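Take a look at the structure set out below.
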Amino acid sequence: MNIQNKSLAAALMATTALLAPGMAWAQTSAPTASAVDTPAVQDEPADVGEIVVLGRYIPEPNRQSPEVAAFLTSEDLQRTGDSNAAQALTRVTGLSVVEGRFIYVRGLGERYSSALLNGSPLPSPEPLQRVVPLDLFPADVLASVTVQKTYSVNYPGEFGGGVIDLRTLSTPDEPFFNFSASVGANTETTGRTGLVYYGSRTDFTGFDDDTRKLPGSLSLAFASGNRIVAGPNYSTDDLRRIGQSLPNAPLRLLQSEEIPANLSFDVSGGLSSDTGVGTLGLVFSAGYDNSWRTREGVQQEGRIDEGNLVVSSDYAFQSTQNDIGLNFLGEASFERGSHEVKWTNFYVRNTTKEARTRAGYNDLAGTVLRDDYTEWYVRQLFSTQLAGEHGFGNEERWAVNWRAAYAKTSRDAPFETRFGYGQRADGVFVHNIQSNRIQFSELDDELLSGGVDLNYRLPLSQAREVLFTLGAETYDNKRTSENRALRFIAPNGLTEDQRESRVDYLFSDYNIGPYLQIEEVTGSNGASAFEGELKVNSAFLNVQAEVIPLVNLTAGVRYEQGEQTVTPYDLFGGSVGYLPTRIEEEYFLPAATVTWNFAEDMQLRLAASKTIGRPQFRELSPLQYTDPDSDRTFLGNPYLVDTELTNLDARVEWYFARQQYVTAGIFYKNLDKPVESSIIDQSASRFQTFINAPQAVLMGVELEGKKYFEFENAGLAFLADKRWLVQANYTYTDSEVQVDEDDVVYATQGLGEAQPASFFIIDGSRMQGQSEHLANLQFGWEDDTARSQATLIVNYASERTSARGLPGEPDLIQNPGVFLDLVYRKDFTVMGRELGLGVELRNLLRTDFDEYQELGNKIRINNYDLGASGTVSLTARF
């Protein structure tokens with residue numbers, strides 16, 4: 001763009017913007033002396049010659065970032081109204097959510113992404129994942145979320161799809177206090193009959209009143225190191241006392257009840273104060289949420305018959321889940337000059353109370369069966385972090401950033417019960433005493449981490465500088481997991497009256513001893529307990545500079561030394577069938593990104609890097625785990641190894657106005673030994689396990705745009721008074737798992753022996769979890785006069801592979817479908833008090849959950865209605 005005969009003032013303003021360090025550069029002809037010495041007269045601009053503008057600085061976080069990244073601000077979180085980080089991130093280009101908790105970036109599963117809280121890594125309370133589930137983080141405690149898709153060496157090397165950095169609320173400039181309450185409903189749940197069980201008097205708080213506490217006799221028996229069975233260690237009287245000590249009706253009896261509405265309450269506040277020696281700041285947020293979800297659907301399994309899939313097991317199921325969430329965030333900060341120290345504490349507790357039943361034909365049993373379940377899961381996360389930022393030297397060219405954090409998560413599942421029934425010829429379900437189970441599982445995960453970055457800015461000119469960063473980081477992640485299982489047996493069989501009796505009558509104290517006897521069926525040989533540890537020490541060097549005018553380079557290398565061990569152990573002191581797994585590797589991980597500001601408001605990014613992915617703890621352990629959402633049993637593989645990735649990116653960006661842009665990018669990833677899920681048959685049971693596929697390639701295209709429209713001259717006030725938003729993104733991804741004839745894998749059932757990879761994986765098949773198409777659309781308006789905002793939100797993800805099928809069978813496919821949401825916000829004043837009204841309508845298209853397997857016939861692996869939901873909230877601001 002050429003500008004001639006502009007005023008000196010305008011020229012100075014332009015060059016000020018152009019000289020923003022590392023962002024842009026302008027070339028101008030030297031002004032005449034008179035032009036410099038004599039002030040320009042208004043409306044008579046001095047001739048300063050021609051100015052050639054090659055770039056302009058616009059303060060967009062997407063543009064300021066040296067990497068390809070996406071940002072969710074507090075404004076974005078408020079607009080979409082999502083309740084937690086997982087929901088909010090589904091709006092980001094190239095991201096999809098799985099199981100409502102885990103984020104897939106560019107079609108890569110959660111194992112290829114990492115989550116940070118204020119820059120520090122987090123442990124996970126999930127049995128099958130080391131990455132923390134993002135539904136644990138309420139949107140109310142977040143100030144922003146960054147999703148970086150190209151690797152930079154200041155982040156951990158476990159970076160395949162990207163890194164998600166959650167930033168919590170920070171100290172405000174002005175004091176505030178907010179209180180909000182909401183009520184919600186779902187068409188499949190609220191006001192309809194659902195399944196429940198009593199539990200304890202205090203379940204609505206998310207805390208048990210000790211009803212589920214281990215009885216003393218059972219606790220002593222677990223601690224003894226002896227299996228609870230009849231024999232020299234336990235007499236008949238001992239077993240009777242243990243069996244009678246277990247809670248009965250409150251934890252076993254399923255009932256039908258009308259399900260109430262969802263409720264939540266949130267409070268937040270903050271202030272800052274000048275103490276004379278510095279500024280002290282405080283901010284906090286706390287919330288309580290009580291929500292319900294009923295699911296009714298079908299769960300089937302298939303087998304091959306004459307080249308087609310036919311139904312082998314066909315169950316109808318019903319489940320009602322009550323989720324109680326508690327969260328608290330507190331931060332204290334102290335700032336003086338260029339020095340700031342923050343202490344951040346975050347606690348969240350999510351409790352799930354679930355009652356469910358399923359009934360249907362089972363091919364293996366050759367009859368109709370029914371199973372009833374009661375479950376109570378408590379997931380907790382506590383994180384405390386101390387961090388500081390300090391500037392030193394002339395013009396603060398030196399800076400030191402440091403952080404130290406401790407985080408602990410846990411998952412406690414006491415008294416998971418299952419009671420089985422068989423159907424008689426007359427259609428009546430009677431107790432199948434052999435299929436009852438009472439399980440106790442505990443998982444603890446701790447992570448201690450620390451890091452320090454030393455930055456030095458070296459000026460090259462008034463317009464350019466070089467930023468050197470030298471950093472080091474360490475973290476130690478430890479996990480322990482144990483599972484104990486009991487059942488009741490009837491040594492002399494049951495009478496017909498007992499088989500027909502209600503569950504709490506059958507397992508009453510009257511029958512325990514004379515007719516029923518407790519025994520332990522916990523797996524041995526390391527199948528029920530393990531210890532895992534991951535130690536990572538790393539250091540990195542990074543350089544960021546405008547190497548030539550308008551071309552910025554960010555380049556560095558990270559050295560990472562990791563040692564991961566998983567050690568199964570026998571709870572009864574016996575031998576372990578598997579040796580401890582140890583993966584000890586050292587990596588040099590280079591990364592480079594070039595950004596060329598080739599035209600006004602436009603730039604081109606090119607990025608290349610090497611990264612890794614590590615197997616999860618549970619994936620390396622032979623311990624079995626049953627997922628209550630799918631009733632699928634998982635079995636680990638101690639022979640897994642790390643995945644190594646090569647990443648390439650290119651993206652063009654055009655920032656034509658503030659908060660408005662269009663971007664287009666392509667990406668390519670090559671994965672050596674990616675971890676894939678596979679289905680196996682073992683001992684007449686079906687398991688889902690994990691293997692290293694030989695090779696995989698993933699590539700795709702990302703498009704994104706955001707534009708505001710204003711119609712000030714429109715005849716309709718409804719149009720003229722508003723600023724209209726259109727925001728959309730689309731991602732096309734293609735992946736292929738590559739298997740050659742001589743490729744081998746090492747699977748659990750092979751006990752470490754090489755087996756043909758083609759037996760487990762079809763060459764050319766899609767990677768697990770990859771959707772070919774992802775799309776998001778937001779259309780809405782903002783009205784500053786009416787203080788209102790409305791947004792229509794569309795989210796689409798195409799089919800993806802959820803697991804590999806048995807050898808010779810097709811893969812299991814999940815079809816997420818299209819979701820349509822509407823969010824409305826309005827602020828108003830009542831009696832001098834500022835209030836905010838929020839209305840959220842979710843899944844207006846009534847999209848259901850659909851997982852299937854298809855070959856000739858369609859087998860509905862897991863299918864149920866999600867229903868539409870609505871929430872109304874009111875916020876008071878003080």
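Please note that chains go A, B, ... in the order of the structure tokens, that every chain numbers its residues from 1, and that ligands are numbered from 1 in the order shown.
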May I have all residues of region 311-560 of chain A that DSSP, computed from the backbone, assigns to strand (DSSP E or B), given as JSON, numbers by chain? {"A": [311, 312, 313, 314, 315, 316, 317, 318, 319, 320, 321, 322, 323, 324, 325, 326, 327, 328, 329, 330, 331, 332, 333, 334, 335, 336, 339, 340, 341, 342, 343, 344, 345, 346, 347, 348, 349, 350, 351, 352, 353, 354, 355, 356, 357, 358, 359, 360, 361, 362, 367, 368, 369, 370, 371, 372, 373, 374, 375, 376, 377, 378, 379, 380, 381, 382, 383, 384, 385, 386, 387, 388, 389, 390, 391, 392, 398, 399, 400, 401, 402, 403, 404, 405, 406, 407, 408, 409, 410, 411, 412, 413, 414, 415, 416, 417, 418, 419, 420, 421, 422, 423, 429, 430, 431, 437, 438, 439, 440, 441, 442, 443, 444, 445, 446, 447, 448, 449, 450, 451, 452, 453, 454, 455, 456, 457, 458, 459, 465, 466, 467, 468, 469, 470, 471, 472, 473, 474, 475, 476, 477, 478, 479, 480, 481, 482, 483, 484, 485, 486, 487, 488, 489, 512, 516, 517, 518, 519, 520, 529, 530, 531, 532, 533, 534, 535, 536, 537, 538, 539, 540, 541, 542, 543, 544, 545, 546, 547, 548, 551, 552, 553, 554, 555, 556, 557, 558, 559, 560]}
Do a neighbour search on His773 (chain A) at 10 Å with only C-alpha atoms, toss out local chain neighbours closer than 6 positions, and write the hits as JSON, numbers by chain. {"A": [94, 106, 107, 700, 701, 730, 731, 732, 733, 734, 796, 797, 798, 799, 800]}
Restricted to N, CA, C and O atoms, what would the selected residues look like written as a compact mmCIF listing (two decimals), in the first residue's frame?
```
# COMPACT_ATOMS: atom_id res chain seq x y z
N GLY A 94 -10.14 -28.00 14.63
CA GLY A 94 -9.36 -29.23 14.68
C GLY A 94 -9.50 -30.03 15.95
O GLY A 94 -8.82 -31.05 16.10
N ARG A 106 -6.65 -32.62 16.08
CA ARG A 106 -6.32 -33.01 14.71
C ARG A 106 -6.43 -34.52 14.51
O ARG A 106 -5.62 -35.14 13.82
N GLY A 107 -7.42 -35.14 15.15
CA GLY A 107 -7.66 -36.56 14.97
C GLY A 107 -6.79 -37.46 15.81
O GLY A 107 -6.95 -38.68 15.77
N GLY A 700 -3.82 -33.12 6.89
CA GLY A 700 -5.11 -32.46 6.83
C GLY A 700 -5.02 -30.99 6.49
O GLY A 700 -3.94 -30.43 6.30
N VAL A 701 -6.22 -30.38 6.44
CA VAL A 701 -6.38 -28.96 6.11
C VAL A 701 -7.24 -28.32 7.17
O VAL A 701 -8.24 -28.91 7.62
N TYR A 730 -13.28 -25.26 9.92
CA TYR A 730 -13.44 -26.59 9.32
C TYR A 730 -12.08 -27.26 9.25
O TYR A 730 -11.07 -26.63 8.91
N THR A 731 -12.07 -28.55 9.58
CA THR A 731 -10.84 -29.34 9.51
C THR A 731 -11.10 -30.63 8.75
O THR A 731 -12.03 -31.38 9.10
N TYR A 732 -10.32 -30.87 7.72
CA TYR A 732 -10.35 -32.14 7.01
C TYR A 732 -9.08 -32.89 7.38
O TYR A 732 -7.96 -32.36 7.28
N THR A 733 -9.23 -34.13 7.82
CA THR A 733 -8.09 -34.94 8.24
C THR A 733 -8.17 -36.31 7.58
O THR A 733 -9.24 -36.93 7.56
N ASP A 734 -7.05 -36.77 7.09
CA ASP A 734 -6.96 -38.10 6.51
C ASP A 734 -5.81 -38.83 7.18
O ASP A 734 -4.71 -38.28 7.31
N TYR A 796 -19.94 -30.16 14.52
CA TYR A 796 -20.07 -31.40 13.76
C TYR A 796 -18.76 -32.17 13.77
O TYR A 796 -17.68 -31.59 13.57
N ALA A 797 -18.85 -33.49 14.00
CA ALA A 797 -17.71 -34.39 13.86
C ALA A 797 -18.18 -35.63 13.13
O ALA A 797 -19.22 -36.21 13.47
N SER A 798 -17.45 -36.04 12.10
CA SER A 798 -17.83 -37.22 11.33
C SER A 798 -17.38 -38.49 12.05
O SER A 798 -16.77 -38.45 13.11
N GLU A 799 -17.67 -39.62 11.44
CA GLU A 799 -17.40 -40.91 12.07
C GLU A 799 -15.92 -41.08 12.40
O GLU A 799 -15.04 -40.59 11.68
N ARG A 800 -15.65 -41.81 13.48
CA ARG A 800 -14.28 -42.10 13.87
C ARG A 800 -14.21 -43.52 14.43
O ARG A 800 -15.20 -44.06 14.94
```
At a cut-off of 9 Å, using only C-alpha atoms, what residues contact Leu606 (chain A)? Leave out same-chain residues fewer than 3 positions from it and give the result as an mmCIF file with all heavy atoms, in the first residue's frame.
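Okay, selection21.cif is ready:
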```cif
data_model
loop_
_atom_site.group_PDB
_atom_site.id
_atom_site.type_symbol
_atom_site.label_atom_id
_atom_site.label_comp_id
_atom_site.auth_asym_id
_atom_site.auth_seq_id
_atom_site.Cartn_x
_atom_site.Cartn_y
_atom_site.Cartn_z
ATOM 1 N N ALA A 592 11.264 -25.736 14.857
ATOM 2 C CA ALA A 592 11.505 -24.431 14.228
ATOM 3 C C ALA A 592 10.229 -23.957 13.559
ATOM 4 O O ALA A 592 9.504 -24.732 12.940
ATOM 5 C CB ALA A 592 12.634 -24.522 13.201
ATOM 6 N N THR A 593 9.966 -22.657 13.701
ATOM 7 C CA THR A 593 8.828 -22.015 13.045
ATOM 8 C C THR A 593 9.291 -20.711 12.417
ATOM 9 O O THR A 593 9.942 -19.897 13.084
ATOM 10 C CB THR A 593 7.686 -21.731 14.031
ATOM 11 O OG1 THR A 593 7.248 -22.950 14.628
ATOM 12 C CG2 THR A 593 6.504 -21.079 13.321
ATOM 13 N N VAL A 594 8.972 -20.527 11.151
ATOM 14 C CA VAL A 594 9.295 -19.298 10.428
ATOM 15 C C VAL A 594 7.990 -18.573 10.119
ATOM 16 O O VAL A 594 7.044 -19.174 9.597
ATOM 17 C CB VAL A 594 10.052 -19.593 9.119
ATOM 18 C CG1 VAL A 594 10.288 -18.294 8.349
ATOM 19 C CG2 VAL A 594 11.368 -20.281 9.410
ATOM 20 N N THR A 595 7.939 -17.272 10.462
ATOM 21 C CA THR A 595 6.763 -16.447 10.188
ATOM 22 C C THR A 595 7.168 -15.292 9.291
ATOM 23 O O THR A 595 8.051 -14.507 9.646
ATOM 24 C CB THR A 595 6.153 -15.905 11.496
ATOM 25 O OG1 THR A 595 5.832 -17.000 12.352
ATOM 26 C CG2 THR A 595 4.891 -15.108 11.206
ATOM 27 N N TRP A 596 6.542 -15.212 8.134
ATOM 28 C CA TRP A 596 6.878 -14.176 7.148
ATOM 29 C C TRP A 596 5.676 -13.242 7.001
ATOM 30 O O TRP A 596 4.619 -13.634 6.545
ATOM 31 C CB TRP A 596 7.214 -14.826 5.803
ATOM 32 C CG TRP A 596 7.466 -13.849 4.688
ATOM 33 C CD1 TRP A 596 7.944 -12.579 4.800
ATOM 34 C CD2 TRP A 596 7.254 -14.084 3.292
ATOM 35 N NE1 TRP A 596 8.043 -11.991 3.570
ATOM 36 C CE2 TRP A 596 7.631 -12.892 2.616
ATOM 37 C CE3 TRP A 596 6.800 -15.157 2.549
ATOM 38 C CZ2 TRP A 596 7.542 -12.773 1.241
ATOM 39 C CZ3 TRP A 596 6.721 -15.043 1.174
ATOM 40 C CH2 TRP A 596 7.091 -13.862 0.531
ATOM 41 N N LEU A 648 4.925 -31.453 10.464
ATOM 42 C CA LEU A 648 5.117 -30.364 9.515
ATOM 43 C C LEU A 648 3.829 -29.559 9.423
ATOM 44 O O LEU A 648 2.736 -30.129 9.382
ATOM 45 C CB LEU A 648 5.487 -30.901 8.132
ATOM 46 C CG LEU A 648 6.759 -31.763 8.025
ATOM 47 C CD1 LEU A 648 6.900 -32.327 6.623
ATOM 48 C CD2 LEU A 648 7.991 -30.955 8.416
ATOM 49 N N ASP A 649 3.968 -28.217 9.387
ATOM 50 C CA ASP A 649 2.806 -27.330 9.329
ATOM 51 C C ASP A 649 3.088 -26.173 8.393
ATOM 52 O O ASP A 649 4.224 -25.688 8.296
ATOM 53 C CB ASP A 649 2.492 -26.756 10.709
ATOM 54 C CG ASP A 649 1.576 -27.658 11.521
ATOM 55 O OD1 ASP A 649 2.100 -28.601 12.144
ATOM 56 O OD2 ASP A 649 0.364 -27.426 11.516
ATOM 57 N N ALA A 650 2.021 -25.682 7.739
ATOM 58 C CA ALA A 650 2.077 -24.433 6.970
ATOM 59 C C ALA A 650 0.730 -23.755 7.113
ATOM 60 O O ALA A 650 -0.323 -24.402 7.003
ATOM 61 C CB ALA A 650 2.396 -24.705 5.509
ATOM 62 N N ARG A 651 0.750 -22.431 7.353
ATOM 63 C CA ARG A 651 -0.516 -21.720 7.519
ATOM 64 C C ARG A 651 -0.380 -20.278 7.048
ATOM 65 O O ARG A 651 0.611 -19.612 7.318
ATOM 66 C CB ARG A 651 -0.957 -21.736 8.982
ATOM 67 C CG ARG A 651 -2.359 -21.155 9.164
ATOM 68 C CD ARG A 651 -2.993 -21.570 10.471
ATOM 69 N NE ARG A 651 -2.662 -20.696 11.571
ATOM 70 C CZ ARG A 651 -3.390 -20.582 12.670
ATOM 71 N NH1 ARG A 651 -4.495 -21.306 12.818
ATOM 72 N NH2 ARG A 651 -3.033 -19.779 13.641
#
```
Residue neighbourhood His390 (chain A), 10 Å, only C-alpha atoms, exclusion window fewer than 2 positions, as a list in words: Glu335, Arg336, Gly337, Ser338, His339, Glu340, Val341, Gly388, Phe392, Glu396, Trp398, Ala399, Val400, Asn401, Trp402 and Leu454 of chain A
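Neighbours of region 752-754 of chain A closer than or equal to 10 Å, with only C-alpha atoms counted and sequence neighbours fewer than 6 positions away skipped, come out as Asn637, Pro638, Tyr639, Leu640, Asp743, Val744, Val745 and Tyr746 of chain A.
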Skipping near chain neighbours, those fewer than 2 positions away, what residues fall within 8 Å of Ile259 (chain A) using only C-alpha atoms, listed as a VMD selection string? chain A and resid 189 to 194 257 261 292
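Minimum distance to Gln78 (chain A) across A:Tyr824, A:Phe204, A:Tyr864, A:Trp781 (counting only C-alpha atoms) occurs at A:Tyr824.
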